[in-house]
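Undergrad: As input, take query_16.txt (compact mmCIF, C-alpha atoms and all ligand atoms):
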# COMPACT_ATOMS: atom_id res chain seq x y z
CA MET A 23 113.69 84.15 125.74
CA SER A 24 112.39 87.52 124.59
CA TYR A 25 109.38 89.19 126.13
CA LEU A 26 107.59 89.33 122.76
CA GLU A 27 108.29 86.61 120.19
CA VAL A 28 106.51 86.75 116.85
CA SER A 29 107.15 83.76 114.55
CA ASP A 30 105.87 83.17 111.03
CA LEU A 31 102.92 85.49 111.64
CA THR A 32 100.59 85.58 108.63
CA VAL A 33 97.37 87.59 108.40
CA ARG A 34 94.92 87.22 105.51
CA PHE A 35 91.72 89.04 104.70
CA GLY A 36 89.68 86.68 102.50
CA SER A 37 91.35 85.47 99.32
CA ARG A 38 93.58 88.53 98.86
CA PRO A 39 97.37 88.16 99.13
CA PRO A 40 98.40 88.11 102.82
CA ALA A 41 98.46 91.55 104.47
CA VAL A 42 101.25 90.16 106.68
CA ASN A 43 103.31 87.27 105.34
CA LYS A 44 105.35 85.00 107.61
CA ILE A 45 107.02 87.71 109.63
CA SER A 46 109.21 86.94 112.64
CA PHE A 47 110.80 89.27 115.17
CA SER A 48 111.38 89.50 118.88
CA VAL A 49 111.51 92.26 121.47
CA GLY A 50 113.34 91.88 124.78
CA GLU A 51 112.02 93.06 128.13
CA THR A 52 113.62 96.50 127.85
CA ASP A 53 113.99 96.63 124.09
CA ARG A 54 112.40 98.97 121.56
CA LEU A 55 111.83 97.81 117.98
CA GLY A 56 110.65 100.15 115.23
CA ILE A 57 108.61 98.82 112.32
CA ILE A 58 108.89 101.00 109.28
CA GLY A 59 107.27 100.74 105.86
CA GLN A 60 105.06 102.63 103.49
CA SER A 61 101.28 102.80 103.70
CA GLY A 62 99.67 99.37 103.33
CA SER A 63 102.86 97.40 104.10
CA GLY A 64 101.22 95.66 107.08
CA LYS A 65 102.54 97.64 110.07
CA SER A 66 99.18 98.36 111.72
CA VAL A 67 97.85 94.88 110.97
CA THR A 68 100.90 93.49 112.82
CA ALA A 69 100.19 95.73 115.85
CA LEU A 70 96.47 94.85 115.81
CA ALA A 71 97.29 91.13 115.61
CA ILE A 72 99.39 91.45 118.79
CA LEU A 73 96.55 93.32 120.50
CA GLY A 74 94.00 90.74 119.30
CA LEU A 75 91.98 93.53 117.70
CA LEU A 76 91.74 92.29 114.11
CA PRO A 77 88.23 91.88 112.68
CA GLU A 78 86.72 88.41 112.85
CA HIS A 79 87.09 87.77 109.13
CA ALA A 80 90.90 88.04 109.40
CA SER A 81 92.73 84.70 109.43
CA VAL A 82 95.79 84.67 111.67
CA THR A 83 98.41 81.89 111.63
CA GLY A 84 101.83 81.58 113.20
CA SER A 85 102.72 82.46 116.74
CA ILE A 86 102.72 85.54 118.99
CA ARG A 87 104.19 84.79 122.40
CA LEU A 88 104.09 87.35 125.17
CA ASP A 89 106.19 86.47 128.18
CA GLY A 90 105.99 82.84 127.05
CA ARG A 91 102.21 82.81 126.59
CA GLU A 92 100.71 82.10 123.14
CA LEU A 93 98.29 84.83 122.06
CA VAL A 94 97.16 83.43 118.70
CA GLY A 95 93.88 81.65 119.36
CA LEU A 96 93.51 83.06 122.90
CA PRO A 97 89.83 83.67 123.79
CA GLU A 98 88.69 87.32 123.57
CA ARG A 99 88.07 87.47 127.32
CA ALA A 100 91.69 86.58 128.08
CA MET A 101 92.89 89.07 125.44
CA GLN A 102 90.80 91.78 127.11
CA ASP A 103 92.56 91.13 130.41
CA LEU A 104 95.94 91.29 128.70
CA ARG A 105 95.05 94.58 127.00
CA GLY A 106 94.22 96.14 130.35
CA ASP A 107 97.22 94.70 132.06
CA GLU A 108 100.21 93.62 130.02
CA ILE A 109 99.86 95.46 126.71
CA SER A 110 98.92 99.06 126.07
CA MET A 111 98.67 101.12 122.92
CA ILE A 112 99.45 104.73 122.05
CA PHE A 113 97.50 105.80 118.98
CA GLN A 114 98.08 108.47 116.40
CA GLU A 115 95.16 110.74 117.26
CA PRO A 116 94.67 111.26 120.99
CA MET A 117 91.35 113.04 120.46
CA THR A 118 89.75 109.79 119.28
CA ALA A 119 91.46 107.69 121.97
CA LEU A 120 90.35 109.95 124.83
CA ASP A 121 86.71 110.18 125.90
CA PRO A 122 85.61 113.77 125.08
CA THR A 123 82.93 113.75 127.81
CA MET A 124 85.22 112.91 130.72
CA LYS A 125 87.84 115.02 132.46
CA VAL A 126 91.39 113.88 131.81
CA GLY A 127 92.13 113.17 135.47
CA ARG A 128 89.19 110.79 135.70
CA GLN A 129 90.30 108.93 132.58
CA VAL A 130 93.83 108.45 133.88
CA GLY A 131 92.29 107.61 137.29
CA GLU A 132 90.30 104.72 135.81
CA VAL A 133 93.52 103.09 134.61
CA VAL A 134 95.28 103.79 137.92
CA ALA A 135 92.33 102.35 139.88
CA LEU A 136 92.61 99.01 138.06
CA HIS A 137 96.08 98.52 139.46
CA HIS A 138 95.99 100.58 142.60
CA GLY A 139 95.50 97.61 144.91
CA GLU A 140 96.97 98.13 148.32
CA ARG A 141 99.35 100.86 147.30
CA ARG A 142 99.51 103.84 149.62
CA GLY A 143 98.26 107.28 148.63
CA SER A 144 95.09 108.26 146.81
CA ILE A 145 94.26 107.59 143.19
CA ARG A 146 94.19 111.35 142.64
CA ASP A 147 97.79 111.61 143.93
CA GLU A 148 98.89 108.89 141.56
CA VAL A 149 97.09 110.54 138.63
CA LEU A 150 98.90 113.82 139.35
CA LEU A 151 102.18 111.95 139.66
CA TRP A 152 101.71 110.36 136.21
CA LEU A 153 100.66 113.64 134.60
CA GLY A 154 103.79 115.27 136.01
CA ARG A 155 105.94 112.35 134.91
CA VAL A 156 104.93 112.85 131.28
CA GLY A 157 106.00 116.48 131.43
CA LEU A 158 102.65 118.23 132.05
CA SER A 159 103.70 121.19 134.14
CA ASP A 160 100.38 121.93 135.84
CA PRO A 161 98.96 118.46 136.61
CA GLU A 162 96.08 119.79 138.75
CA ARG A 163 94.73 121.95 135.94
CA ILE A 164 95.24 119.24 133.31
CA ALA A 165 93.46 116.66 135.48
CA ASP A 166 90.45 118.97 135.79
CA SER A 167 90.25 119.71 132.04
CA TYR A 168 88.28 118.02 129.31
CA PRO A 169 90.34 116.74 126.34
CA HIS A 170 89.15 119.57 124.05
CA GLU A 171 90.54 122.11 126.52
CA LEU A 172 94.09 120.82 125.96
CA SER A 173 96.56 121.28 123.11
CA GLY A 174 97.38 118.34 120.82
CA GLY A 175 100.72 117.82 122.58
CA GLN A 176 99.11 117.92 126.04
CA ARG A 177 96.49 115.39 124.93
CA GLN A 178 99.17 113.06 123.60
CA ARG A 179 101.08 113.38 126.90
CA ALA A 180 97.88 112.54 128.82
CA LEU A 181 97.39 109.50 126.59
CA ILE A 182 100.97 108.40 127.21
CA ALA A 183 100.31 108.73 130.97
CA MET A 184 97.24 106.48 130.55
CA ALA A 185 99.21 103.94 128.51
CA LEU A 186 101.95 103.76 131.14
CA ALA A 187 99.89 104.01 134.33
CA ASN A 188 98.89 100.35 134.26
CA ARG A 189 102.59 99.49 134.13
CA PRO A 190 102.34 97.30 131.01
CA GLY A 191 105.19 95.04 129.96
CA LEU A 192 104.66 95.94 126.30
CA VAL A 193 103.67 99.28 124.77
CA LEU A 194 102.64 99.48 121.12
CA CYS A 195 102.91 102.89 119.48
CA ASP A 196 101.25 103.44 116.09
CA GLU A 197 102.44 106.72 114.51
CA PRO A 198 102.08 108.43 117.90
CA THR A 199 103.37 111.82 116.73
CA THR A 200 102.01 112.12 113.19
CA ALA A 201 99.18 114.45 114.19
CA LEU A 202 101.52 116.90 115.98
CA ASP A 203 103.59 119.79 114.68
CA VAL A 204 107.31 119.22 114.30
CA LEU A 205 108.47 120.92 117.51
CA VAL A 206 105.91 119.10 119.67
CA GLN A 207 106.75 115.83 117.87
CA ARG A 208 110.35 116.17 118.98
CA GLN A 209 109.34 116.73 122.61
CA ILE A 210 106.96 113.75 122.58
CA LEU A 211 109.59 111.50 120.96
CA ALA A 212 112.10 112.48 123.66
CA LEU A 213 109.47 111.69 126.30
CA LEU A 214 108.72 108.28 124.73
CA ALA A 215 112.43 107.42 124.49
CA GLU A 216 112.75 108.19 128.21
CA GLN A 217 109.52 106.55 129.41
CA LEU A 218 109.79 103.40 127.29
CA ALA A 219 113.39 102.69 128.28
CA ASP A 220 112.47 100.19 131.00
CA ARG A 221 109.90 98.09 129.13
CA ALA A 222 109.31 96.38 125.79
CA ALA A 223 108.00 98.61 123.01
CA LEU A 224 107.04 98.31 119.36
CA PHE A 225 106.96 101.59 117.44
CA VAL A 226 105.16 101.65 114.08
CA SER A 227 105.86 104.50 111.68
CA HIS A 228 106.50 105.29 108.04
CA ASP A 229 109.16 107.80 109.10
CA LEU A 230 112.65 106.43 109.75
CA ALA A 231 113.86 109.71 111.26
CA VAL A 232 111.04 109.48 113.84
CA VAL A 233 111.73 105.82 114.66
CA ARG A 234 115.40 106.58 115.12
CA GLN A 235 114.61 108.99 117.96
CA VAL A 236 113.08 106.20 120.03
CA CYS A 237 114.32 102.78 118.87
CA PRO A 238 117.78 101.24 118.65
CA ARG A 239 116.49 98.53 116.24
CA VAL A 240 114.22 98.59 113.23
CA ALA A 241 112.46 96.10 110.95
CA VAL A 242 111.63 97.28 107.43
CA MET A 243 108.32 96.02 106.00
CA LEU A 244 107.39 95.87 102.35
CA ARG A 245 104.16 94.28 101.08
CA GLY A 246 103.56 92.32 104.25
CA GLU A 247 107.09 91.00 104.64
CA ILE A 248 110.07 92.05 106.74
CA VAL A 249 112.79 92.65 104.17
CA GLU A 250 115.48 93.84 106.56
CA GLU A 251 116.03 94.07 110.30
CA GLY A 252 118.86 95.25 112.53
CA LEU A 253 120.37 98.11 114.47
CA ILE A 254 118.98 101.30 113.00
CA ASP A 255 122.38 102.99 112.71
CA ASP A 256 123.83 99.96 110.87
CA ILE A 257 120.87 99.91 108.49
CA ILE A 258 121.24 103.61 107.76
CA ALA A 259 124.98 103.17 107.16
CA ARG A 260 124.69 99.92 105.14
CA PRO A 261 121.16 99.24 103.88
CA GLN A 262 121.01 95.82 102.19
CA HIS A 263 117.60 95.71 100.52
CA PRO A 264 116.92 97.96 97.49
CA TYR A 265 113.74 99.28 99.15
CA THR A 266 115.68 100.34 102.27
CA GLN A 267 118.41 101.81 100.09
CA GLY A 268 115.78 103.90 98.31
CA LEU A 269 114.18 104.92 101.58
CA ILE A 270 117.46 106.12 103.01
CA ALA A 271 118.65 107.77 99.80
CA SER A 272 115.40 109.70 99.55
CA ALA A 273 115.30 110.54 103.24
CA ARG A 274 118.87 111.79 103.50
CA LEU A 275 118.60 111.14 107.21
CA ASP A 276 121.61 113.22 108.05
CA ARG A 277 119.72 116.26 106.85
CA VAL A 278 116.08 115.51 107.69
CA ALA A 279 114.73 116.49 111.07
CA PRO A 280 112.48 114.01 112.88
CA GLY A 281 108.92 114.45 111.75
CA GLU A 282 109.67 115.94 108.37
CA ARG A 283 107.89 113.95 105.68
CA LEU A 284 110.02 111.67 103.54
CA PRO A 285 109.72 111.80 99.76
CA SER A 286 107.92 108.87 98.13
CA VAL A 287 110.06 105.88 97.26
CA ALA A 288 107.86 105.18 94.23
CA ASP A 289 110.03 107.66 92.30
CA PHE A 290 113.03 105.45 92.91
CA TYR A 291 111.35 102.04 92.56
CA PRO A 292 108.47 102.28 90.12
CA GLY A 293 107.33 98.71 91.00
CA VAL A 294 106.57 99.77 94.56
CA GLU A 295 103.19 101.38 95.09
CA SER A 296 103.12 104.27 97.49
N1 LIG A 301 89.97 95.21 108.17
C1 LIG A 301 90.59 94.96 107.00
N2 LIG A 301 89.97 94.28 106.00
C2 LIG A 301 90.60 94.03 104.84
N3 LIG A 301 91.86 94.42 104.55
C3 LIG A 301 92.53 95.10 105.49
C4 LIG A 301 91.95 95.41 106.77
N4 LIG A 301 92.85 96.09 107.50
C5 LIG A 301 93.96 96.21 106.73
N5 LIG A 301 93.78 95.60 105.52
C6 LIG A 301 94.77 95.52 104.44
O1 LIG A 301 95.99 95.03 104.96
C7 LIG A 301 97.08 95.66 104.31
C8 LIG A 301 98.04 96.23 105.35
O2 LIG A 301 97.40 97.32 106.02
P1 LIG A 301 98.04 98.11 107.26
O3 LIG A 301 96.97 98.96 107.84
O4 LIG A 301 98.72 97.15 108.16
O5 LIG A 301 99.14 99.00 106.56
P2 LIG A 301 100.12 100.04 107.25
O6 LIG A 301 101.49 99.61 106.86
O7 LIG A 301 99.84 100.16 108.69
O8 LIG A 301 99.71 101.37 106.49
P3 LIG A 301 99.52 102.88 107.07
O9 LIG A 301 100.92 103.40 107.25
O10 LIG A 301 98.79 103.55 105.97
O11 LIG A 301 98.73 102.77 108.34
C9 LIG A 301 96.50 96.71 103.37
O12 LIG A 301 96.50 96.18 102.07
C10 LIG A 301 95.11 96.90 103.89
O13 LIG A 301 94.22 97.24 102.84
For the file at hand, write its structure as structure tokens.
Ligand SMILES: Nc1ncnc2c1ncn2[C@@H]1O[C@H](COP(=O)(O)OP(=O)(O)OP(=O)(O)O)[C@@H](O)[C@H]1O

TA:
Amino acid sequence: MSYLEVSDLTVRFGSRPPAVNKISFSVGETDRLGIIGQSGSGKSVTALAILGLLPEHASVTGSIRLDGRELVGLPERAMQDLRGDEISMIFQEPMTALDPTMKVGRQVGEVVALHHGERRGSIRDEVLLWLGRVGLSDPERIADSYPHELSGGQRQRALIAMALANRPGLVLCDEPTTALDVLVQRQILALLAEQLADRAALFVSHDLAVVRQVCPRVAVMLRGEIVEEGLIDDIIARPQHPYTQGLIASARLDRVAPGERLPSVADFYPGVES
């Protein structure tokens, strides 16, 4: 059985067509699945459903199993525990995910403290260890800085340290490099590929070249449905669905560097809104 099993997941907001429509996928314990699709295709709603963070007026049906445990219908209290423990999230804009009034070391320390238990060594030592592990070369200085005193790339690294420090089984990444310049994006993607290798991860993006840097597999979403799923290199070589064919033709992945914006597919498929 996979670590994360999503079956027939459907999310509706009122009487509108489903934002997510009967999607199924699974992610193994050390597997990384990308979810790609244009704006509004349902990627973030899928991630929020797994985190149990959809607004109350959303109706969720189907099943989300994490390590065998059903999450759909789980009380908020139990979801809160899971979010601190089993699942963590890396967001697009670290400035909004970090508390601007608290030094970075203290923020990472709060996560470490939750799981420190009887481990040897001080929380501060473990914070510095994590900051070093995510490639921050002067962990002492970073720990004693406020978020606004760091660069965008340093902030995203600190956020990745926070997301990993509670040793979650599943990490959800929602466009984690979109706010960064291309060179820093590449460094952060290399870091994610390395740090996520020993756990389950779901990586949401509209950029196939970005997903390819981190994930061996990808699911392609269009209007709330998964239209194609498989090994990313196979899909690039032999896309089956017209939407994926358009995406790859327009991206020319052999020539586009990770992080470069892809042209709109609406030019190729006028029926598809962008
Ligand atoms: N809180 C909400 N209330 C009502 N509709 C919502 C809500 N959140 C999302 N939706 C709708 O669900 C659909 C899917 O949105 P979602 O945010 O998952 O798209 P996305 O693929 O992540 O897009 P983007 O790449 O722009 O983030 C959209 O039509 C959106 O308007």

Undergrad: Kindly provide, as a ChimeraX atom specification, all nucleotide and amino acid residues lying within 8 Å of ligand LIG 301 (chain A), counting all atoms listed in the file.

TA: /A:34-36,40-42,58-69,76-77,79-80,226-228,243,245-246

Undergrad: For Val33 (chain A), which of A:Gln102, A:Ser85, A:Gln178, A:Thr52 is the closest residue, counting only C-alpha atoms?

TA: A:Ser85

Undergrad: With 5 Å added on each side, what axis-aligned box encloses every listed atom of region 203-215 of chain A? Give the centre and edge lengths in Å to one decimal, as lines of an AutoDock Vina configuration file.

TA:
center_x = 108.0
center_y = 114.2
center_z = 120.3
size_x = 18.8
size_y = 23.5
size_z = 22.0

Undergrad: Of the candidates A:Ala185, A:Ile210, A:Ile248, A:Met124, which shows the shortest atom-to-atom distance to Leu158 (chain A), using all atoms listed in the file?

TA: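 Once distances to Leu158 (chain A) are computed over all atoms listed in the file, the minimum belongs to A:Ile210.
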
Undergrad: In Å to one decimal, how far is CA of Leu172 (chain A) from CA of Leu153 (chain A)?

TA: 13.0 Å

Undergrad: Please determine, counting only C-alpha atoms, which residue among A:Gln207, A:Asp30, A:Glu115, A:Leu75 has the shortest atom-to-atom distance to Pro97 (chain A).

TA: A:Leu75

Undergrad: At a cut-off of 7 Å, using all atoms listed in the file, what residues contact Ile109 (chain A)? Leave out same-chain residues fewer than 4 positions from it and give the result as a list of chain:residue names.

TA: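 In the requested format, the answer is A:Leu104, A:Arg105, A:Pro190, A:Gly191, A:Leu192, A:Val193.
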
Undergrad: Rank nothing, just name the residue among A:Leu186, A:Val28, A:Ala259, A:Ile254 nearest to Ala231 (chain A), using only C-alpha atoms.

TA: A:Ile254
